[in-house]
Structure formats: structure tokens, C-alpha cells
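Trainee: One structure is given below, represented as C-alpha cells, and several questions about it will come after.
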Amino acid sequence: FFFPRPAPRRRYPRGEPRAAPQHTMLAVTLAALPSLLLSPSVPATGSRARAAAVRMAGDGPSFGDLDGSTARIGIIKARWHPEMSDSLIAGAKEALAACGVKEENIVETEVPGSYELPLAARYMALSGSVDAILPVGILIKGDTYHFEAISDSVSSGLMSVGMQTGVPILFGVLTCMSEEQARVRSIGPGNHGPDWGRAAVEMALLRQSAVGGPKSKFFMGFGDSGEDDAKPMTRPAERIGF
């Protein structure tokens, strides 16, 4: 390092404090620099740590009064982390019942893991047996890139199924950084299942309004919404195992 030449020596009156020479201050700063750079960060403790562990994006959307008496809802469960996935599905089914969805109009099946959800959702959508599908799975980050690969594939696959088939596909897959985060979002007051159930009913009703439900012919209010003897132009769907 280049040390600047010391300033000319100055005479101080008796009793006046003397400033440290410039080169001395620079040397002290350089000596302390390694400890400043290498000092460990102080971990969050107490309420800060708890808040970070359970922090969520928000309180969720609001839903109005939903009449799901004509809605047909499909639920597909990935079998990894069964305690948490079962809790999510239980919460979703409670919301479906509160919206008036009939038990016989809920179609359930399961697959080994979340990676298989998009294909199963496509089969169910093509069966014509449901108006909306709720795939449920839990992905927890580990030490490898497996979490990112599966999360991206599942998200893209489910969106693709919905766009290709016209059947609403909910994203009921938790993608969490730890098991604690997953439990907070699946068990207890933070359970996302009820919101997913209500969202499934709302999207099922939207689809009915688009393709012709019991009391509507056209899409989202465009066209004649009155009742007449004409039947919706839909071909009877064949059931494919659902």
C-alpha cells in the first residue's frame, strides 16, 4: 500500500488534544479490515426467527357466495408427505361442501408423486367428467437441483393441461424450502386447502358459463343469457377411467 507523506509537524498549545497522524489512522483501519470482513452475521432470534419461518405471501383471495350445486370437481393427490396432503384435501373438501358441491360430483384419484400430476390431470380433463381439477402435492427443497427441476416441470405441465383442454387446473402444489414451511401451510389455521376448494368451485362455474352450463349458453355474459329450448352444442364425453 502507498502511505501518504505525513503532514508537517504542528505545534499544539499546552492542553489542546492532538489529532492522530494520517498515516497512523490508515494503518489502524487496514489492520482491522480482515476482522470486519470475516465477522459472522448475527442469526435472527426470537420473534424475528419465528416470523421468517412462517411468513406467507398474504392472507389469500376473498370469495363471494358460490353456488357449487352443479359443479363437478376432480381432486388428484400425490402420495408424497401423506399427512400434509391429506390435510390439504380435507380442507378443500370442507370448502366444497360449504359451497354446495355434492359428494357424488367429487372425483378423486391419486398418483405416486407431484411429477405425475400433469398427465393425470390431462386424463381427467379429457374424460369430460369434471368442470375443474385440483391437483394436490407437496415439494420440499433438498440438497440437490431435484426440487427446482420438479417444481418447474409440474407448474408448466399443469398450466399447459389447462390451456390445451379448457378445463381449469388449480395449482395445489406447495413448493417449500423446508418441512416446517410445508406444515404451516397444510396443517392448522394456515391450511391452503379451503382456499383451493373455493377457487376450484369459482373456476368450475366460470367454465360452465363459457361452454354452456345449466342456465347459460355463452361466455361470461356475452350473448343471450335467456333460457330456451336449444341445448348447448357439446358432444357427450366418454369417460376414461374416472
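Ordering of the C-alpha cells sets the chain letters (A, B, ...); residue numbers start at 1 within each chain; ligands are numbered from 1 in the order shown.
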Counting only C-alpha atoms, which residues of stretch 134-227 of chain A sit at most 7 Å from some atom of stretch 75-84 of chain A, and what is each one's closest atom pair with its distance in Å to one decimal, listed by chain and rising residue number, as a Markdown table?
Mentor:
| residue | atom | partner | partner_atom | distance |
| --- | --- | --- | --- | --- |
| A:Leu134 | CA | A:Ile75 | CA | 4.8 |
| A:Pro135 | CA | A:Ile76 | CA | 4.6 |
| A:Val136 | CA | A:Lys77 | CA | 4.9 |
| A:Gly137 | CA | A:Ala78 | CA | 5.0 |
| A:Ile138 | CA | A:His81 | CA | 6.8 |
| A:Arg183 | CA | A:Met84 | CA | 6.6 |
| A:Ser186 | CA | A:Met84 | CA | 5.5 |
| A:Ile187 | CA | A:Met84 | CA | 6.5 |
Trainee: If you keep C-alpha atoms, can you produce a file of those selected residues as a PDB file, in the first residue's frame?
Mentor:
ATOM      1  CA  LEU A 134     -57.405 -29.641  -8.079  1.00  0.00           C
ATOM      2  CA  PRO A 135     -54.042 -31.452  -8.124  1.00  0.00           C
ATOM      3  CA  VAL A 136     -52.512 -31.621  -4.642  1.00  0.00           C
ATOM      4  CA  GLY A 137     -48.839 -32.235  -3.965  1.00  0.00           C
ATOM      5  CA  ILE A 138     -46.001 -31.135  -1.705  1.00  0.00           C
ATOM      6  CA  ARG A 183     -46.599 -27.996   7.690  1.00  0.00           C
ATOM      7  CA  SER A 186     -51.034 -27.533   5.189  1.00  0.00           C
ATOM      8  CA  ILE A 187     -51.994 -28.205   8.826  1.00  0.00           C
TER       9      ILE A 187
END
Trainee: Which is closest to A:Gly188 among A:Ser62, A:Ser69, A:Ser87, A:Ser155, if we use only C-alpha atoms?
Mentor: A:Ser87
Trainee: Could you please determine the separation between atom CA of A:Val201 and atom CA of A:Leu119 in Å, to one decimal place?
Mentor: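 We find that atom CA of A:Val201 and atom CA of A:Leu119 lie 21.7 Å from each other.
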